[in-house]
$ cat protein_19.cif   # mmCIF, C-alpha atoms
data_coords
#
loop_
_atom_site.label_atom_id
_atom_site.label_comp_id
_atom_site.auth_asym_id
_atom_site.auth_seq_id
_atom_site.Cartn_x
_atom_site.Cartn_y
_atom_site.Cartn_z
CA MET A 9 15.91 19.28 5.54
CA ARG A 10 16.79 15.68 4.69
CA PRO A 11 15.00 12.79 2.99
CA LEU A 12 12.77 10.71 5.23
CA GLY A 13 14.40 7.51 6.46
CA PRO A 14 13.19 3.91 6.14
CA VAL A 15 10.45 2.04 7.98
CA HIS A 16 11.75 -1.00 9.88
CA VAL A 17 9.27 -3.82 10.55
CA LEU A 18 11.19 -7.14 10.62
CA ASP A 19 10.62 -7.59 14.34
CA LEU A 20 6.83 -7.19 13.95
CA PHE A 21 5.88 -10.11 11.69
CA ALA A 22 6.09 -12.82 14.37
CA PRO A 23 4.18 -10.99 17.14
CA GLU A 24 1.55 -9.74 14.69
CA ARG A 25 0.95 -13.31 13.47
CA ALA A 26 0.86 -14.58 17.07
CA ALA A 27 -1.83 -11.99 17.84
CA LEU A 28 -3.84 -13.05 14.80
CA LEU A 29 -3.65 -16.74 15.73
CA ALA A 30 -4.64 -15.96 19.32
CA LEU A 31 -7.68 -14.13 17.95
CA LEU A 32 -8.71 -16.89 15.53
CA GLU A 33 -8.06 -20.07 17.53
CA PRO A 34 -11.05 -19.80 19.91
CA LEU A 35 -13.60 -18.77 17.25
CA ASP A 36 -16.68 -20.95 16.80
CA ASP A 37 -17.95 -22.01 13.40
CA GLU A 38 -20.51 -19.22 13.21
CA THR A 39 -17.89 -16.54 13.85
CA TRP A 40 -15.55 -18.01 11.24
CA ARG A 41 -18.41 -17.40 8.81
CA ALA A 42 -18.95 -13.76 9.89
CA PRO A 43 -18.85 -11.29 6.97
CA THR A 44 -15.97 -8.85 6.63
CA VAL A 45 -15.61 -5.52 4.85
CA CYS A 46 -14.06 -7.42 1.92
CA ASP A 47 -17.04 -7.97 -0.36
CA GLY A 48 -18.19 -11.58 -0.34
CA TRP A 49 -15.45 -12.76 2.05
CA CYS A 50 -16.05 -14.09 5.55
CA VAL A 51 -13.49 -14.25 8.37
CA LYS A 52 -12.23 -17.64 7.17
CA ASP A 53 -11.83 -16.34 3.62
CA LEU A 54 -9.80 -13.35 4.76
CA ALA A 55 -7.61 -15.51 7.00
CA ALA A 56 -6.97 -17.84 4.05
CA HIS A 57 -6.09 -14.82 1.91
CA ILE A 58 -3.42 -13.76 4.43
CA ALA A 59 -1.81 -17.22 4.24
CA GLY A 60 -1.95 -16.98 0.46
CA ASP A 61 -0.18 -13.60 0.56
CA ASP A 62 2.64 -15.17 2.59
CA LEU A 63 3.05 -18.03 0.14
CA ASN A 64 2.93 -15.74 -2.88
CA VAL A 65 5.76 -13.62 -1.50
CA VAL A 66 8.00 -16.61 -0.88
CA SER A 67 7.11 -18.20 -4.23
CA TRP A 68 7.47 -15.32 -6.67
CA LYS A 69 9.93 -13.10 -4.85
CA GLY A 70 12.03 -15.78 -3.24
CA GLY A 71 11.62 -18.32 -6.03
CA GLY A 72 12.39 -16.05 -8.97
CA ARG A 73 10.79 -17.66 -12.00
CA TRP A 74 7.66 -18.82 -10.12
CA ARG A 75 6.14 -15.38 -10.39
CA ALA A 76 2.45 -15.29 -9.55
CA VAL A 77 1.77 -12.17 -11.62
CA ARG A 78 4.15 -13.13 -14.40
CA ASP A 79 2.59 -10.96 -17.11
CA ALA A 80 1.85 -7.90 -14.97
CA PRO A 81 4.64 -5.68 -16.43
CA ARG A 82 3.04 -6.01 -19.89
CA LEU A 83 -0.45 -5.12 -18.68
CA ALA A 84 -2.13 -1.76 -18.22
CA TRP A 85 -2.76 -0.83 -14.60
CA PRO A 86 -6.50 -1.69 -14.59
CA GLU A 87 -5.61 -5.10 -16.01
CA VAL A 88 -3.04 -5.66 -13.27
CA VAL A 89 -5.68 -4.87 -10.64
CA ASP A 90 -8.14 -7.25 -12.31
CA LEU A 91 -5.49 -9.98 -12.46
CA VAL A 92 -4.60 -9.60 -8.77
CA ASN A 93 -8.27 -9.65 -7.78
CA ALA A 94 -8.93 -12.75 -9.89
CA GLN A 95 -5.98 -14.63 -8.43
CA ASN A 96 -7.00 -13.68 -4.88
CA GLU A 97 -10.56 -14.87 -5.51
CA GLN A 98 -9.33 -18.12 -7.06
CA TRP A 99 -7.22 -18.89 -3.97
CA VAL A 100 -9.98 -18.04 -1.49
CA THR A 101 -12.52 -20.10 -3.42
CA ALA A 102 -10.21 -23.13 -3.37
CA MET A 103 -9.61 -22.75 0.38
CA ARG A 104 -13.33 -22.81 1.19
CA ARG A 105 -13.33 -26.61 1.06
CA PHE A 106 -11.03 -26.80 4.11
CA HIS A 107 -11.84 -26.69 7.82
CA PRO A 108 -10.73 -23.61 9.80
CA SER A 109 -8.14 -25.76 11.59
CA ILE A 110 -6.38 -26.17 8.24
CA VAL A 111 -6.39 -22.42 7.72
CA LEU A 112 -4.83 -21.97 11.16
CA ALA A 113 -2.13 -24.52 10.36
CA MET A 114 -1.40 -22.76 7.09
CA LEU A 115 -1.12 -19.40 8.84
CA ARG A 116 1.45 -20.85 11.25
CA PHE A 117 3.45 -22.43 8.44
CA SER A 118 3.23 -19.57 5.96
CA GLY A 119 4.00 -16.95 8.59
CA ASP A 120 7.22 -18.70 9.62
CA LEU A 121 8.23 -19.20 5.98
CA ALA A 122 7.61 -15.57 5.05
CA GLU A 123 9.39 -14.23 8.12
CA ARG A 124 12.51 -16.25 7.26
CA HIS A 125 12.33 -14.91 3.72
CA TYR A 126 12.15 -11.29 4.88
CA GLY A 127 15.14 -11.85 7.17
CA GLU A 128 17.32 -12.91 4.21
CA ILE A 129 16.70 -9.76 2.16
CA ASP A 130 19.19 -6.90 1.80
CA LEU A 131 16.82 -4.20 2.95
CA ASP A 132 18.90 -1.33 1.56
CA ALA A 133 19.12 -2.75 -1.96
CA LEU A 134 16.71 -1.77 -4.70
CA GLY A 135 14.04 -4.31 -5.64
CA GLY A 136 10.84 -4.22 -7.64
CA ALA A 137 8.27 -1.46 -7.62
CA VAL A 138 5.91 -0.85 -4.73
CA ASP A 139 3.18 0.13 -7.14
CA TRP A 140 1.23 2.52 -4.94
CA ALA A 141 4.47 4.38 -4.11
CA GLY A 142 5.61 4.72 -7.72
CA PRO A 143 6.54 2.75 -10.83
CA GLY A 144 10.31 2.66 -10.37
CA PRO A 145 12.47 0.27 -8.31
CA ALA A 146 11.87 0.67 -4.59
CA PRO A 147 14.20 -0.14 -1.70
CA ASN A 148 13.53 -3.58 -0.25
CA TRP A 149 12.73 -2.10 3.16
CA LEU A 150 9.69 -0.44 1.59
CA ASP A 151 8.60 -3.68 -0.07
CA VAL A 152 8.86 -5.50 3.27
CA ALA A 153 7.00 -2.68 5.03
CA ARG A 154 4.30 -2.95 2.37
CA GLU A 155 3.94 -6.66 3.14
CA TYR A 156 3.57 -5.86 6.84
CA THR A 157 0.84 -3.29 6.12
CA GLU A 158 -1.02 -5.91 4.05
CA ARG A 159 -1.06 -8.33 6.97
CA TRP A 160 -1.88 -5.68 9.58
CA HIS A 161 -4.83 -4.18 7.73
CA HIS A 162 -6.38 -7.56 6.86
CA HIS A 163 -5.85 -8.61 10.48
CA GLN A 164 -7.65 -5.44 11.54
CA GLN A 165 -10.52 -6.18 9.16
CA ILE A 166 -10.91 -9.57 10.85
CA ARG A 167 -10.88 -7.91 14.27
CA ASP A 168 -13.61 -5.55 13.10
CA ALA A 169 -15.69 -8.48 11.85
CA VAL A 170 -15.54 -10.41 15.13
CA GLY A 171 -15.91 -7.35 17.37
CA ALA A 172 -12.38 -7.52 18.83
CA ALA A 173 -10.36 -4.54 20.00
CA PRO A 174 -8.00 -3.16 17.34
CA LEU A 175 -4.31 -4.03 17.20
CA ALA A 176 -3.62 -0.33 17.45
CA SER A 177 -0.77 0.13 19.91
CA ARG A 178 1.99 2.39 18.66
CA ARG A 179 4.33 -0.59 18.28
CA PHE A 180 2.14 -2.34 15.70
CA PHE A 181 0.26 0.57 14.13
CA ALA A 182 2.76 3.42 13.76
CA PRO A 183 4.88 1.59 11.14
CA VAL A 184 1.71 0.93 9.12
CA LEU A 185 0.87 4.62 8.96
CA ASP A 186 4.49 5.53 8.24
CA ALA A 187 4.60 3.05 5.35
CA PHE A 188 1.24 4.19 3.99
CA ALA A 189 2.48 7.80 3.94
CA ARG A 190 5.17 6.78 1.42
CA ALA A 191 2.41 6.92 -1.20
CA LEU A 192 2.23 10.73 -0.89
CA PRO A 193 4.81 11.62 -3.60
CA HIS A 194 3.11 9.30 -6.09
CA THR A 195 -0.29 10.73 -5.18
CA TYR A 196 0.95 14.26 -5.99
CA ARG A 197 3.05 13.28 -9.03
CA ASP A 198 0.89 15.25 -11.50
CA ILE A 199 0.50 18.32 -9.29
CA ALA A 200 2.76 21.18 -10.43
CA ALA A 201 4.01 23.46 -7.66
CA PRO A 202 6.87 25.94 -7.13
CA ASP A 203 10.03 24.57 -5.53
CA GLY A 204 9.74 24.59 -1.77
CA THR A 205 5.98 24.09 -1.66
CA HIS A 206 5.35 22.20 1.59
CA LEU A 207 2.36 20.01 2.40
CA ARG A 208 2.13 18.57 5.90
CA LEU A 209 0.09 15.42 6.57
CA GLU A 210 -0.70 14.89 10.24
CA ILE A 211 -2.26 11.68 11.54
CA THR A 212 -3.56 12.14 15.05
CA GLY A 213 -3.74 9.49 17.77
CA GLU A 214 -1.32 7.35 19.77
CA ALA A 215 0.22 5.79 16.65
CA GLY A 216 0.14 8.93 14.54
CA GLY A 217 2.81 11.29 13.28
CA ALA A 218 3.52 13.98 10.71
CA TRP A 219 4.99 13.83 7.21
CA SER A 220 6.33 16.71 5.10
CA LEU A 221 5.88 16.51 1.33
CA VAL A 222 8.04 19.10 -0.44
CA ALA A 223 8.34 20.04 -4.11
CA ARG A 224 11.96 20.16 -5.33
CA ASN A 225 13.29 20.30 -8.88
CA GLY A 226 9.92 19.48 -10.40
CA ALA A 227 9.21 16.45 -8.20
CA TRP A 228 7.69 15.75 -4.81
CA GLY A 229 9.56 14.02 -1.98
CA LEU A 230 9.18 13.25 1.71
CA TYR A 231 11.51 15.08 4.07
CA GLU A 232 12.09 15.59 7.76
CA ASP A 233 13.32 18.65 9.65
CA VAL A 234 11.67 20.99 7.12
CA GLU A 235 12.14 24.54 8.35
CA ARG A 236 9.71 26.22 5.96
CA ALA A 237 6.18 26.52 7.32
CA PRO A 238 3.60 24.37 5.50
CA ASP A 239 1.67 25.90 2.63
CA ALA A 240 -1.10 23.40 3.39
CA THR A 241 -1.81 21.06 6.30
CA ILE A 242 -4.30 18.24 6.61
CA ALA A 243 -4.90 16.36 9.86
CA ILE A 244 -6.73 13.01 9.93
CA GLY A 245 -7.48 10.68 12.82
CA GLN A 246 -5.52 7.42 12.79
CA ASP A 247 -8.58 5.19 12.44
CA ASP A 248 -9.89 7.23 9.52
CA ALA A 249 -6.41 7.27 7.97
CA TRP A 250 -5.80 3.55 7.63
CA ARG A 251 -9.34 2.92 6.40
CA LEU A 252 -9.08 5.74 3.86
CA PHE A 253 -5.71 4.60 2.53
CA THR A 254 -6.96 1.01 2.12
CA ALA A 255 -10.22 2.05 0.40
CA GLY A 256 -12.37 1.23 3.41
CA LEU A 257 -13.57 4.84 3.47
CA ALA A 258 -14.12 7.28 0.60
CA PRO A 259 -12.61 10.79 0.62
CA GLY A 260 -16.08 12.23 1.15
CA ASP A 261 -16.46 10.15 4.31
CA VAL A 262 -13.30 11.57 5.84
CA ARG A 263 -13.35 15.17 4.58
CA PRO A 264 -15.90 16.43 7.18
CA ARG A 265 -13.70 15.12 10.01
CA ALA A 266 -10.35 16.24 8.57
CA ARG A 267 -8.79 19.51 9.73
CA ILE A 268 -7.38 21.53 6.84
CA SER A 269 -5.46 24.79 6.89
CA GLY A 270 -3.67 26.79 4.22
CA ASP A 271 -4.22 25.78 0.59
CA ALA A 272 -7.31 23.58 0.93
CA ALA A 273 -7.19 22.36 -2.67
CA LEU A 274 -3.60 21.17 -2.27
CA ALA A 275 -4.28 19.54 1.10
CA SER A 276 -7.42 17.76 -0.06
CA ILE A 277 -5.52 15.75 -2.68
CA ALA A 278 -4.11 13.70 0.22
CA LEU A 279 -7.61 12.28 0.73
CA THR A 280 -7.28 10.49 -2.61
CA MET A 281 -4.15 8.58 -1.55
CA ARG A 282 -4.32 4.79 -1.72
CA SER A 283 -1.66 2.51 -0.24
CA ILE A 284 -2.90 -0.78 -1.65
CA ILE A 285 -3.13 -2.26 -5.16
CA ALA A 286 -6.71 -3.53 -4.94
#

$ encode --input "protein_19.cif" --output "structure tokens"
Amino acid sequence: MRPLGPVHVLDLFAPERAALLALLEPLDDETWRAPTVCDGWCVKDLAAHIAGDDLNVVSWKGGGRWRAVRDAPRLAWPEVVDLVNAQNEQWVTAMRRFHPSIVLAMLRFSGDLAERHYGEIDLDALGGAVDWAGPGPAPNWLDVAREYTERWHHHQQIRDAVGAAPLASRRFFAPVLDAFARALPHTYRDIAAPDGTHLRLEITGEAGGAWSLVARNGAWGLYEDVERAPDATIAIGQDDAWRLFTAGLAPGDVRPRARISGDAALASIALTMRSIIA
């Protein structure tokens, strides 16, 4: 049994952005205004939000003192969520004055800028927290993977809104699910269990996989090559999984379709996992 290795996504930012631009460029005005699952946001709003995410990363991670959420470490978690939501809404509201062609230009520019930024990072070094994976410093590879999941799932929400096929090939989707699963130890942080207790999360489908969460020395961690049989197993379809972990579905929506064996109470906690801030 050994700790689970990193998720590598640097080679995915450019083709994912190219796929998004190819989707958006031919849209007519009516489709740009189509509603999305993000409350109150249309396709254009969500596309503008993605560009804003790129620019935020480069500004407050690459630029040091220009930190967009400067006071977040001194705030309680609900206040952090409120602050992030308010800043996102402020950006989207400001972008509504611009034509979709401007949003497309910004996505090209911001995508290139962010990709260069990610390529300059020491991925093995420790950086800031990835909040949904825990409060402590996280390796930079996880932070970069988190940024990729942000772009992929908002891209997918746009595809849903315009009726396009999902970007769900294993190449693009498997790293998203792998990164999302890194929230499992934080999800179970308050669950006491004897050493060796083994929960297995299975995500079924072409892009799916399996993750072993094991209790050791009073803490939970993700491991591979675990020889002990699982004490609890939960299997979720890949489409349900990404929507559940990004708050697009509630646990009660997914529970009837999930397959659970062993300790059902232990397994069901995985349905509460969230791999986004807000």

$ closest_atom_pairs --input "protein_19.cif" --of "stretch 186-230 of chain A" --to "stretch 154-177 of chain A" --cutoff "9 Å" --atoms "all atoms listed in the file" --output "JSON lines"
{"residue": "A:Ala187", "atom": "CA", "partner": "A:Arg154", "partner_atom": "CA", "distance": 6.7}
{"residue": "A:Phe188", "atom": "CA", "partner": "A:Thr157", "partner_atom": "CA", "distance": 7.8}
{"residue": "A:Glu214", "atom": "CA", "partner": "A:Ser177", "partner_atom": "CA", "distance": 7.2}
{"residue": "A:Ala215", "atom": "CA", "partner": "A:Ser177", "partner_atom": "CA", "distance": 6.6}

$ write_last_selection --input "protein_19.cif" --atoms "C-alpha atoms" --output "compact mmCIF listing (two decimals), in the coordinates of the input"
# COMPACT_ATOMS: atom_id res chain seq x y z
CA ALA A 187 4.60 3.05 5.35
CA PHE A 188 1.24 4.19 3.99
CA GLU A 214 -1.32 7.35 19.77
CA ALA A 215 0.22 5.79 16.65

$ resolve_selection --input "protein_19.cif" --expression "the PyMOL selection byres ((chain A and resi 257-270) around 7)" --output "NGL selection string"
:A and (239-244 or 248 or 251-252 or 255-256 or 271-272 or 275 or 279-280)

$ closest_residue --input "protein_19.cif" --among "A:Trp219, A:Phe181, A:Trp99, A:Trp40" --to "A:Leu112" --atoms "only C-alpha atoms"
A:Trp40

$ closest_residue --input "protein_19.cif" --among "A:Asn64, A:Thr212, A:Tyr196, A:Gly229" --to "A:Arg178" --atoms "only C-alpha atoms"
A:Thr212

$ closest_residue --input "protein_19.cif" --among "A:Leu192, A:Leu150, A:Asp203, A:Arg282" --to "A:Gly13" --atoms "all atoms listed in the file"
A:Leu150

$ resolve_selection --input "protein_19.cif" --expression "the PyMOL selection byres ((chain A and resi 17) around 10)" --output "list in words"
Pro14, Val15, His16, Leu18, Asp19, Leu20, Phe21, Tyr126, Trp149, Leu150, Val152, Ala153, Arg154, Glu155, Tyr156, Thr157, Arg179, Phe180, Pro183, Val184 and Ala187 of chain A

$ write_last_selection --input "protein_19.cif" --atoms "C-alpha atoms" --output "PDB file, in the frame of the given file"
ATOM      1  CA  PRO A  14      13.190   3.910   6.140  1.00  0.00           C
ATOM      2  CA  VAL A  15      10.450   2.040   7.980  1.00  0.00           C
ATOM      3  CA  HIS A  16      11.750  -1.000   9.880  1.00  0.00           C
ATOM      4  CA  LEU A  18      11.190  -7.140  10.620  1.00  0.00           C
ATOM      5  CA  ASP A  19      10.620  -7.590  14.340  1.00  0.00           C
ATOM      6  CA  LEU A  20       6.830  -7.190  13.950  1.00  0.00           C
ATOM      7  CA  PHE A  21       5.880 -10.110  11.690  1.00  0.00           C
ATOM      8  CA  TYR A 126      12.150 -11.290   4.880  1.00  0.00           C
ATOM      9  CA  TRP A 149      12.730  -2.100   3.160  1.00  0.00           C
ATOM     10  CA  LEU A 150       9.690  -0.440   1.590  1.00  0.00           C
ATOM     11  CA  VAL A 152       8.860  -5.500   3.270  1.00  0.00           C
ATOM     12  CA  ALA A 153       7.000  -2.680   5.030  1.00  0.00           C
ATOM     13  CA  ARG A 154       4.300  -2.950   2.370  1.00  0.00           C
ATOM     14  CA  GLU A 155       3.940  -6.660   3.140  1.00  0.00           C
ATOM     15  CA  TYR A 156       3.570  -5.860   6.840  1.00  0.00           C
ATOM     16  CA  THR A 157       0.840  -3.290   6.120  1.00  0.00           C
ATOM     17  CA  ARG A 179       4.330  -0.590  18.280  1.00  0.00           C
ATOM     18  CA  PHE A 180       2.140  -2.340  15.700  1.00  0.00           C
ATOM     19  CA  PRO A 183       4.880   1.590  11.140  1.00  0.00           C
ATOM     20  CA  VAL A 184       1.710   0.930   9.120  1.00  0.00           C
ATOM     21  CA  ALA A 187       4.600   3.050   5.350  1.00  0.00           C
TER      22      ALA A 187
END

$ residues_around --input "protein_19.cif" --residues "A:Ile284" --least-positions-apart "5" --cutoff "8 Å" --atoms "only C-alpha atoms" --output "list in words"
Trp140, Glu158, Phe253 and Thr254 of chain A

$ atom_distance --input "protein_19.cif" --atom1 "atom CA of A:Arg124" --atom2 "atom CA of A:Ala94"
27.7 Å

$ atom_distance --input "protein_19.cif" --atom1 "atom CA of A:Ala146" --atom2 "atom CA of A:Asp186"
15.6 Å

$ resolve_selection --input "protein_19.cif" --expression "the PyMOL selection byres ((chain A and resi 191) around 7)" --output "PyMOL selection string"
chain A and resi 140-141+188-190+192-195+281+283

$ closest_residue --input "protein_19.cif" --among "A:Pro108, A:Gly226, A:Pro23, A:Pro11" --to "A:Glu123" --atoms "only C-alpha atoms"
A:Pro23

$ closest_residue --input "protein_19.cif" --among "A:Val92, A:Ala201, A:Ala218, A:Ala227" --to "A:Leu274" --atoms "only C-alpha atoms"
A:Ala201

$ atom_distance --input "protein_19.cif" --atom1 "atom CA of A:Ile58" --atom2 "atom CA of A:Ile129"
20.6 Å

$ closest_residue --input "protein_19.cif" --among "A:Thr44, A:Gln95, A:Thr205, A:Ser109" --to "A:Leu221" --atoms "all atoms listed in the file"
A:Thr205

$ residues_near_point --input "protein_19.cif" --point "(10.2, -3.0, -3.5)" --cutoff "6 Å" --atoms "all atoms listed in the file" --output "list in words"
Gly135, Gly136, Ala137, Val138, Ala146, Pro147, Asn148, Leu150 and Asp151 of chain A

$ residues_around --input "protein_19.cif" --residues "A:Asp233" --least-positions-apart "6" --cutoff "9 Å" --atoms "all atoms listed in the file" --output "short mmCIF file (atom, residue, chain, number, x, y, z; two decimals) with C-alpha atoms, keeping the file's coordinate frame"
data_model
loop_
_atom_site.label_atom_id
_atom_site.label_comp_id
_atom_site.auth_asym_id
_atom_site.auth_seq_id
_atom_site.Cartn_x
_atom_site.Cartn_y
_atom_site.Cartn_z
CA MET A 9 15.91 19.28 5.54
CA ARG A 10 16.79 15.68 4.69
CA SER A 220 6.33 16.71 5.10
#

$ residues_around --input "protein_19.cif" --residues "A:Arg41" --least-positions-apart "5" --cutoff "10 Å" --atoms "all atoms listed in the file" --output "number ranges by chain"
A: 35-36, 49-53, 108, 169-170

$ build_atoms --input "protein_19.cif" --residues "stretch 264-279 of chain A" --atoms "N, CA and C atoms" --output "JSON list (two decimals), in the frame of the given file"
[["chain", "number", "residue", "atom", "x", "y", "z"],
["A", 264, "PRO", "N", -15.27, 15.62, 6.11],
["A", 264, "PRO", "CA", -15.90, 16.43, 7.18],
["A", 264, "PRO", "C", -15.17, 16.34, 8.52],
["A", 265, "ARG", "N", -14.41, 15.28, 8.73],
["A", 265, "ARG", "CA", -13.70, 15.12, 10.01],
["A", 265, "ARG", "C", -12.25, 15.58, 9.94],
["A", 266, "ALA", "N", -11.73, 15.79, 8.73],
["A", 266, "ALA", "CA", -10.35, 16.24, 8.57],
["A", 266, "ALA", "C", -10.24, 17.72, 8.92],
["A", 267, "ARG", "N", -9.08, 18.10, 9.45],
["A", 267, "ARG", "CA", -8.79, 19.51, 9.73],
["A", 267, "ARG", "C", -7.80, 20.00, 8.67],
["A", 268, "ILE", "N", -8.19, 21.02, 7.94],
["A", 268, "ILE", "CA", -7.38, 21.53, 6.84],
["A", 268, "ILE", "C", -7.08, 23.00, 7.07],
["A", 269, "SER", "N", -5.83, 23.38, 6.82],
["A", 269, "SER", "CA", -5.46, 24.79, 6.89],
["A", 269, "SER", "C", -4.55, 25.12, 5.71],
["A", 270, "GLY", "N", -4.48, 26.39, 5.36],
["A", 270, "GLY", "CA", -3.67, 26.79, 4.22],
["A", 270, "GLY", "C", -4.41, 26.50, 2.91],
["A", 271, "ASP", "N", -3.67, 26.05, 1.92],
["A", 271, "ASP", "CA", -4.22, 25.78, 0.59],
["A", 271, "ASP", "C", -5.08, 24.52, 0.65],
["A", 272, "ALA", "N", -6.39, 24.70, 0.74],
["A", 272, "ALA", "CA", -7.31, 23.58, 0.93],
["A", 272, "ALA", "C", -7.31, 22.64, -0.27],
["A", 273, "ALA", "N", -7.19, 23.20, -1.47],
["A", 273, "ALA", "CA", -7.19, 22.36, -2.67],
["A", 273, "ALA", "C", -5.98, 21.45, -2.68],
["A", 274, "LEU", "N", -4.82, 21.97, -2.32],
["A", 274, "LEU", "CA", -3.60, 21.17, -2.27],
["A", 274, "LEU", "C", -3.70, 20.10, -1.19],
["A", 275, "ALA", "N", -4.19, 20.48, -0.02],
["A", 275, "ALA", "CA", -4.28, 19.54, 1.10],
["A", 275, "ALA", "C", -5.26, 18.42, 0.80],
["A", 276, "SER", "N", -6.36, 18.74, 0.15],
["A", 276, "SER", "CA", -7.42, 17.76, -0.06],
["A", 276, "SER", "C", -7.00, 16.61, -0.98],
["A", 277, "ILE", "N", -5.99, 16.83, -1.80],
["A", 277, "ILE", "CA", -5.52, 15.75, -2.68],
["A", 277, "ILE", "C", -5.05, 14.55, -1.86],
["A", 278, "ALA", "N", -4.56, 14.79, -0.64],
["A", 278, "ALA", "CA", -4.11, 13.70, 0.22],
["A", 278, "ALA", "C", -5.24, 12.71, 0.53],
["A", 279, "LEU", "N", -6.47, 13.17, 0.46],
["A", 279, "LEU", "CA", -7.61, 12.28, 0.73],
["A", 279, "LEU", "C", -7.81, 11.25, -0.38]]
